[in-house]
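So this one's input.cif, mmCIF, C-alpha atoms and all ligand atoms:
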```
data_input
#
loop_
_atom_site.label_atom_id
_atom_site.label_comp_id
_atom_site.auth_asym_id
_atom_site.auth_seq_id
_atom_site.Cartn_x
_atom_site.Cartn_y
_atom_site.Cartn_z
CA VAL A 11 -8.75 -9.36 -16.17
CA SER A 12 -7.31 -12.88 -16.18
CA LYS A 13 -3.88 -14.08 -15.25
CA TYR A 14 -2.46 -17.54 -15.74
CA TYR A 15 0.94 -19.10 -15.39
CA VAL A 16 2.17 -21.94 -17.57
CA MET A 17 4.07 -24.46 -15.47
CA GLY A 18 5.38 -27.17 -17.80
CA GLU A 19 2.27 -29.11 -18.86
CA ASP A 20 0.01 -27.29 -16.41
CA VAL A 21 -1.69 -23.95 -16.51
CA VAL A 22 -2.28 -22.29 -13.13
CA PHE A 23 -5.09 -19.75 -13.12
CA ALA A 24 -4.34 -17.03 -10.60
CA LEU A 25 -7.16 -14.69 -11.70
CA ARG A 26 -10.21 -15.87 -13.63
CA GLY A 27 -12.00 -12.88 -15.05
CA VAL A 28 -11.87 -10.18 -12.41
CA ASN A 29 -13.82 -6.96 -12.89
CA LEU A 30 -13.12 -4.12 -10.49
CA GLN A 31 -13.52 -0.36 -10.43
CA LEU A 32 -11.71 1.76 -7.87
CA ALA A 33 -12.88 5.26 -7.06
CA GLY A 34 -10.95 8.15 -5.57
CA GLY A 35 -11.39 8.85 -1.87
CA GLU A 36 -11.94 5.22 -0.96
CA LEU A 37 -10.08 2.83 1.34
CA ILE A 38 -10.53 -0.66 -0.08
CA ALA A 39 -9.63 -3.88 1.71
CA ILE A 40 -8.87 -7.02 -0.30
CA VAL A 41 -9.41 -10.16 1.73
CA GLY A 42 -9.29 -13.86 0.89
CA SER A 43 -7.49 -17.03 1.82
CA SER A 44 -3.92 -17.81 0.87
CA GLY A 45 -3.55 -18.64 -2.83
CA SER A 46 -6.80 -16.89 -3.77
CA GLY A 47 -5.07 -14.38 -6.08
CA LYS A 48 -4.67 -11.29 -3.89
CA SER A 49 -0.99 -10.70 -4.62
CA THR A 50 -1.50 -11.34 -8.32
CA LEU A 51 -4.25 -8.73 -8.31
CA MET A 52 -2.06 -6.26 -6.40
CA ASN A 53 0.83 -6.84 -8.79
CA ILE A 54 -1.36 -6.06 -11.76
CA LEU A 55 -2.91 -3.01 -10.09
CA GLY A 56 0.61 -1.87 -9.19
CA CYS A 57 1.81 -2.27 -12.81
CA LEU A 58 4.42 -4.77 -11.62
CA ASP A 59 2.82 -7.45 -13.76
CA ARG A 60 0.50 -7.58 -16.75
CA PRO A 61 -2.76 -9.46 -17.22
CA SER A 62 -2.82 -12.47 -19.56
CA HIS A 63 -6.18 -11.25 -20.84
CA GLY A 64 -8.26 -8.16 -20.28
CA ARG A 65 -7.51 -4.51 -19.74
CA TYR A 66 -6.31 -2.45 -16.83
CA VAL A 67 -6.94 1.28 -17.14
CA LEU A 68 -5.34 3.53 -14.55
CA GLY A 69 -6.16 7.23 -14.55
CA GLY A 70 -7.31 6.96 -18.17
CA LEU A 71 -4.14 5.13 -19.30
CA ASP A 72 -4.38 1.59 -20.62
CA VAL A 73 -1.40 0.03 -18.88
CA SER A 74 -2.08 -3.55 -19.98
CA GLU A 75 -0.11 -3.14 -23.20
CA MET A 76 2.76 -1.05 -21.87
CA SER A 77 6.41 -2.07 -21.92
CA ALA A 78 8.33 -2.59 -18.67
CA GLU A 79 9.91 0.88 -18.99
CA GLU A 80 6.57 2.58 -19.52
CA ARG A 81 5.11 0.75 -16.55
CA ALA A 82 8.04 1.83 -14.38
CA LEU A 83 7.25 5.42 -15.28
CA VAL A 84 3.56 4.93 -14.46
CA ARG A 85 4.51 3.40 -11.10
CA ASN A 86 6.71 6.36 -10.24
CA ARG A 87 4.03 8.87 -11.25
CA LEU A 88 0.82 7.29 -10.08
CA ILE A 89 1.43 4.62 -7.45
CA GLY A 90 2.83 4.43 -3.94
CA PHE A 91 3.72 1.04 -2.43
CA ILE A 92 3.69 -0.02 1.21
CA PHE A 93 4.90 -3.53 2.09
CA GLN A 94 4.55 -5.81 5.09
CA GLY A 95 8.34 -5.88 5.54
CA PHE A 96 8.76 -2.08 5.05
CA HIS A 97 11.50 -2.49 2.36
CA LEU A 98 13.57 0.46 3.56
CA LEU A 99 17.21 0.80 2.54
CA PRO A 100 19.04 -0.36 5.70
CA ARG A 101 22.11 1.89 5.79
CA THR A 102 20.19 4.98 4.77
CA SER A 103 18.52 7.56 7.01
CA ALA A 104 14.75 7.98 7.16
CA LEU A 105 15.12 11.25 5.27
CA ASP A 106 17.18 9.72 2.45
CA ASN A 107 14.78 6.78 2.20
CA VAL A 108 11.87 9.17 1.70
CA GLU A 109 13.82 11.27 -0.82
CA LEU A 110 14.55 8.27 -3.02
CA PRO A 111 11.41 8.29 -5.22
CA LEU A 112 11.99 12.01 -5.82
CA ILE A 113 15.49 11.32 -7.15
CA TYR A 114 13.89 9.13 -9.83
CA ARG A 115 11.69 12.09 -10.65
CA GLY A 116 14.72 14.28 -11.21
CA LEU A 117 13.94 16.83 -8.48
CA LYS A 118 16.73 19.06 -7.15
CA LYS A 119 18.24 18.34 -3.73
CA ALA A 120 16.67 21.27 -1.86
CA GLU A 121 13.21 20.52 -3.19
CA ARG A 122 13.60 16.80 -2.41
CA ARG A 123 14.63 17.62 1.13
CA ARG A 124 11.72 19.99 1.66
CA LEU A 125 9.14 17.46 0.42
CA ALA A 126 10.70 14.56 2.33
CA LEU A 127 10.77 16.54 5.60
CA GLU A 128 7.15 17.50 5.05
CA ALA A 129 6.13 13.86 4.45
CA LEU A 130 8.02 12.68 7.56
CA ALA A 131 6.36 15.38 9.64
CA ARG A 132 3.02 14.24 8.21
CA VAL A 133 3.56 10.74 9.66
CA GLY A 134 4.76 12.12 13.00
CA LEU A 135 8.48 11.48 12.52
CA ALA A 136 9.86 15.04 12.32
CA GLU A 137 12.22 14.25 15.22
CA ARG A 138 13.56 11.04 13.69
CA VAL A 139 14.59 12.07 10.18
CA ASP A 140 18.29 11.26 10.68
CA HIS A 141 17.70 7.82 12.18
CA LEU A 142 18.60 4.63 10.34
CA PRO A 143 15.83 2.02 10.00
CA SER A 144 17.61 -0.16 12.60
CA GLU A 145 17.27 2.72 15.09
CA LEU A 146 13.48 2.82 14.66
CA SER A 147 10.69 0.56 15.92
CA GLY A 148 8.63 -1.50 13.48
CA GLY A 149 5.78 1.00 13.61
CA GLN A 150 8.16 3.91 12.98
CA GLN A 151 9.76 2.06 10.06
CA GLN A 152 6.34 1.48 8.54
CA ARG A 153 5.60 5.19 8.95
CA VAL A 154 8.83 6.03 7.10
CA ALA A 155 7.65 3.66 4.35
CA ILE A 156 4.30 5.46 4.28
CA ALA A 157 6.06 8.83 4.03
CA ARG A 158 8.09 7.43 1.12
CA ALA A 159 4.88 6.29 -0.56
CA LEU A 160 3.15 9.64 0.06
CA VAL A 161 5.99 11.96 -0.91
CA THR A 162 5.22 11.78 -4.62
CA THR A 163 1.49 12.37 -3.88
CA PRO A 164 0.35 9.38 -5.96
CA PRO A 165 -3.39 9.03 -6.54
CA LEU A 166 -3.17 5.28 -5.80
CA LEU A 167 -1.58 3.72 -2.73
CA LEU A 168 -1.15 -0.06 -2.58
CA ALA A 169 -0.41 -1.78 0.70
CA ASP A 170 0.15 -5.56 0.87
CA GLU A 171 -0.41 -6.63 4.51
CA PRO A 172 0.95 -3.31 5.84
CA THR A 173 0.17 -4.20 9.46
CA GLY A 174 1.08 -7.89 9.24
CA ASN A 175 4.24 -7.38 11.31
CA LEU A 176 2.89 -4.79 13.75
CA ASP A 177 1.33 -4.94 17.21
CA SER A 178 -2.20 -3.61 17.69
CA VAL A 179 -1.20 -0.10 18.84
CA THR A 180 0.96 0.48 15.75
CA THR A 181 -1.62 -1.23 13.56
CA TRP A 182 -4.20 1.42 14.49
CA GLU A 183 -1.63 4.20 14.16
CA VAL A 184 -0.85 3.10 10.60
CA LEU A 185 -4.53 2.60 9.77
CA SER A 186 -5.50 6.03 11.07
CA LEU A 187 -2.82 7.56 8.83
CA LEU A 188 -4.20 5.69 5.83
CA GLN A 189 -7.75 6.76 6.69
CA ASP A 190 -6.58 10.39 6.92
CA VAL A 191 -4.88 10.17 3.54
CA VAL A 192 -8.06 8.89 1.93
CA GLN A 193 -10.26 11.53 3.53
CA GLU A 194 -8.05 14.57 3.15
CA GLN A 195 -6.76 14.01 -0.31
CA GLU A 196 -9.30 12.02 -2.30
CA ARG A 197 -6.76 9.30 -2.89
CA THR A 198 -7.42 5.62 -3.36
CA VAL A 199 -5.82 3.29 -0.84
CA LEU A 200 -6.00 -0.43 -1.45
CA LEU A 201 -4.83 -2.80 1.24
CA VAL A 202 -4.56 -6.56 1.43
CA THR A 203 -5.18 -7.89 4.90
CA HIS A 204 -5.81 -11.12 6.77
CA GLU A 205 -7.10 -9.29 9.82
CA PRO A 206 -10.91 -8.88 9.89
CA ASP A 207 -10.77 -5.88 12.25
CA VAL A 208 -8.35 -4.12 9.85
CA ALA A 209 -10.68 -4.84 6.93
CA GLN A 210 -13.51 -3.26 8.94
CA CYS A 211 -11.69 0.08 8.70
CA ALA A 212 -12.17 0.08 4.92
CA ASP A 213 -14.97 1.79 3.01
CA ARG A 214 -15.24 -1.22 0.73
CA ILE A 215 -14.35 -4.86 1.30
CA VAL A 216 -13.54 -7.03 -1.72
CA THR A 217 -13.35 -10.76 -1.05
CA VAL A 218 -11.28 -12.82 -3.48
CA GLY A 219 -11.50 -16.61 -3.77
CA ASP A 220 -10.02 -19.00 -6.30
CA GLY A 221 -9.07 -16.18 -8.66
CA ARG A 222 -12.52 -14.60 -8.62
CA ILE A 223 -14.18 -11.76 -6.81
CA LEU A 224 -16.66 -13.42 -4.46
CA SER A 225 -18.08 -10.18 -3.13
CA ASN A 226 -17.49 -6.44 -3.38
CA LEU A 227 -19.40 -4.67 -0.64
CA ARG A 228 -19.58 -1.12 0.63
CA ASN A 229 -18.93 -1.09 4.37
CA GLN A 230 -21.86 0.80 5.89
CA SER A 231 -20.05 1.72 9.10
CA PRO A 232 -16.25 1.58 8.79
CA SER A 233 -14.33 1.52 12.08
CA ASN A 234 -12.41 4.65 12.88
CA ALA A 235 -8.85 3.48 13.54
CA ARG A 236 -8.02 6.47 15.75
CA GLN A 237 -10.90 5.54 18.05
CA LEU A 238 -9.51 2.01 18.41
CA LEU A 239 -6.13 3.35 19.52
CA PRO A 240 -6.79 4.18 23.23
CA ALA A 241 -8.13 0.71 24.04
CA ALA A 242 -5.11 -0.90 22.35
CA GLN A 243 -2.78 1.40 24.30
CA GLU A 244 -4.53 0.49 27.53
CA ARG A 245 -4.15 -3.22 26.80
CA ARG A 246 -0.47 -2.73 26.04
CA GLY A 247 -0.02 -0.80 29.29
CA ALA A 248 -1.78 -3.57 31.23
CA ASP A 249 0.43 -6.23 29.59
CA ALA A 250 3.55 -4.33 30.54
CA HIS A 251 2.65 -4.46 34.23
P1 LIG A 301 -2.52 -14.84 -2.56
O1 LIG A 301 -1.72 -13.59 -2.59
O2 LIG A 301 -3.99 -14.61 -2.38
O3 LIG A 301 -2.00 -15.82 -1.55
P2 LIG A 301 -1.39 -15.34 -5.20
O4 LIG A 301 -1.88 -14.23 -6.06
O5 LIG A 301 0.00 -15.25 -4.69
O6 LIG A 301 -2.42 -15.57 -3.99
O7 LIG A 301 -1.51 -16.71 -6.00
C1 LIG A 301 -2.70 -17.12 -6.68
C2 LIG A 301 -2.44 -18.48 -7.39
O8 LIG A 301 -1.52 -18.27 -8.46
C3 LIG A 301 -1.81 -19.53 -6.50
O9 LIG A 301 -2.32 -20.79 -6.89
C4 LIG A 301 -0.35 -19.43 -6.83
O10 LIG A 301 0.29 -20.66 -6.60
C5 LIG A 301 -0.36 -19.05 -8.29
N1 LIG A 301 0.81 -18.24 -8.67
C6 LIG A 301 1.07 -16.98 -8.24
N2 LIG A 301 2.20 -16.50 -8.78
C7 LIG A 301 2.68 -17.50 -9.59
C8 LIG A 301 3.83 -17.63 -10.44
N3 LIG A 301 4.70 -16.64 -10.60
N4 LIG A 301 3.98 -18.80 -11.11
C9 LIG A 301 3.08 -19.79 -10.98
N5 LIG A 301 1.98 -19.73 -10.21
C10 LIG A 301 1.77 -18.62 -9.52
MG MG A 302 -0.14 -12.97 -1.29
#
```
Please go through the file and, once you have read it, give me the structure as structure tokens.
Amino acid sequence: VSKYYVMGEDVVFALRGVNLQLAGGELIAIVGSSGSGKSTLMNILGCLDRPSHGRYVLGGLDVSEMSAEERALVRNRLIGFIFQGFHLLPRTSALDNVELPLIYRGLKKAERRRLALEALARVGLAERVDHLPSELSGGQQQRVAIARALVTTPPLLLADEPTGNLDSVTTWEVLSLLQDVVQEQERTVLLVTHEPDVAQCADRIVTVGDGRILSNLRNQSPSNARQLLPAAQERRGADAH
């Protein structure tokens, strides 16, 4: 897949012939310096943008030639998004935020509620479903966003710097959730990160540079995020004193 942008007289190459296969049941970290093409790659994988050249096949569907409407449908059916800034609706409860993607699917209210409550319980927020985002910590807001991404049970989850705004305790909480999702449900989770210790939690680390894939390596011994949690909690406790 290639992607270029025409800027007046200039052509900016964001991706220069990228070849990537993603399997189910894998947590993949995309790393690389700023401007290397990570977001462009995520946007194409997320069907938010189309390649200039090449093909992107998702779950057997060639999405490279689809119209914007068709891609919107594919996103709703097959992809969950998690963002660095959470992107929750501010004046809307956690429960209503999580129900939102189910409204687009045309599910009835009772069924939406049941699935949203289940997803919020899954991320440990059963007691917070009526809270507004402003009444939740950053880590809790990101867990609401994860519940919203999980509620439609998409086979592909895309997370662009999901822990970029979080402290280390909440970083490992979020990562352990993502690791659980991959292991329990054979889903694919792809995350962009600048943090080497976050990348070490992935099963595969893809390094992007100058619009190319520089390396694509299986991680022989991924870190278990849940095991990193107690030490981070201890450090936070020590800092507080
Ligand atoms: P990263 O996410 O790794 O920082 P990006 O994918 O955002 O990198 O950008 C890769 C390259 O493509 C950069 O040189 C960037 O300036 C360029 N680029 C990205 N989006 C656009 C756009 N919409 N128009 C023009 N150039 C762009
Ligand atoms: Mg980026």
Q.
To check your reading of the model: which residues sit at most 10 Å from ligand LIG 301 (chain A) when counting all atoms listed in the file? Write the answer as a PyMOL selection string.
A. chain A and resi 13-17+20-25+40-54+59+170+202-204+218-221
Segment 127-143 of chain A surroundings by all atoms listed in the file, 8 Å radius, close-in-sequence under 2 positions cut, as a ChimeraX atom specification: /A:98-105,108,123-125,145-147,150-151,153-154,156-158,160-161,187
For this session: Go ahead and compute the interatomic distance for atom CA of Leu188 of chain A and atom CA of Ile223 of chain A, in Å to one decimal.
Result: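 Result for atom CA of Leu188 of chain A versus atom CA of Ile223 of chain A: 23.7 Å, one decimal.
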Given only C-alpha atoms as the counted atoms, nearest of A:Leu168, A:Leu37, A:Leu117, A:Ala250 to Asn234 of chain A: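 Using only C-alpha atoms, Asn234 of chain A sits closest to A:Leu37.
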Thr180 of chain A surroundings by all atoms listed in the file, 10 Å radius, close-in-sequence under 2 positions cut, as a compact mmCIF listing (two decimals) with C-alpha atoms, in the coordinates of the input:
```
# COMPACT_ATOMS: atom_id res chain seq x y z
CA SER A 147 10.69 0.56 15.92
CA GLY A 148 8.63 -1.50 13.48
CA GLY A 149 5.78 1.00 13.61
CA GLN A 150 8.16 3.91 12.98
CA GLN A 152 6.34 1.48 8.54
CA ARG A 153 5.60 5.19 8.95
CA THR A 173 0.17 -4.20 9.46
CA ASN A 175 4.24 -7.38 11.31
CA LEU A 176 2.89 -4.79 13.75
CA ASP A 177 1.33 -4.94 17.21
CA SER A 178 -2.20 -3.61 17.69
CA TRP A 182 -4.20 1.42 14.49
CA GLU A 183 -1.63 4.20 14.16
CA VAL A 184 -0.85 3.10 10.60
CA LEU A 185 -4.53 2.60 9.77
CA SER A 186 -5.50 6.03 11.07
CA LEU A 239 -6.13 3.35 19.52
CA ALA A 242 -5.11 -0.90 22.35
CA GLN A 243 -2.78 1.40 24.30
```
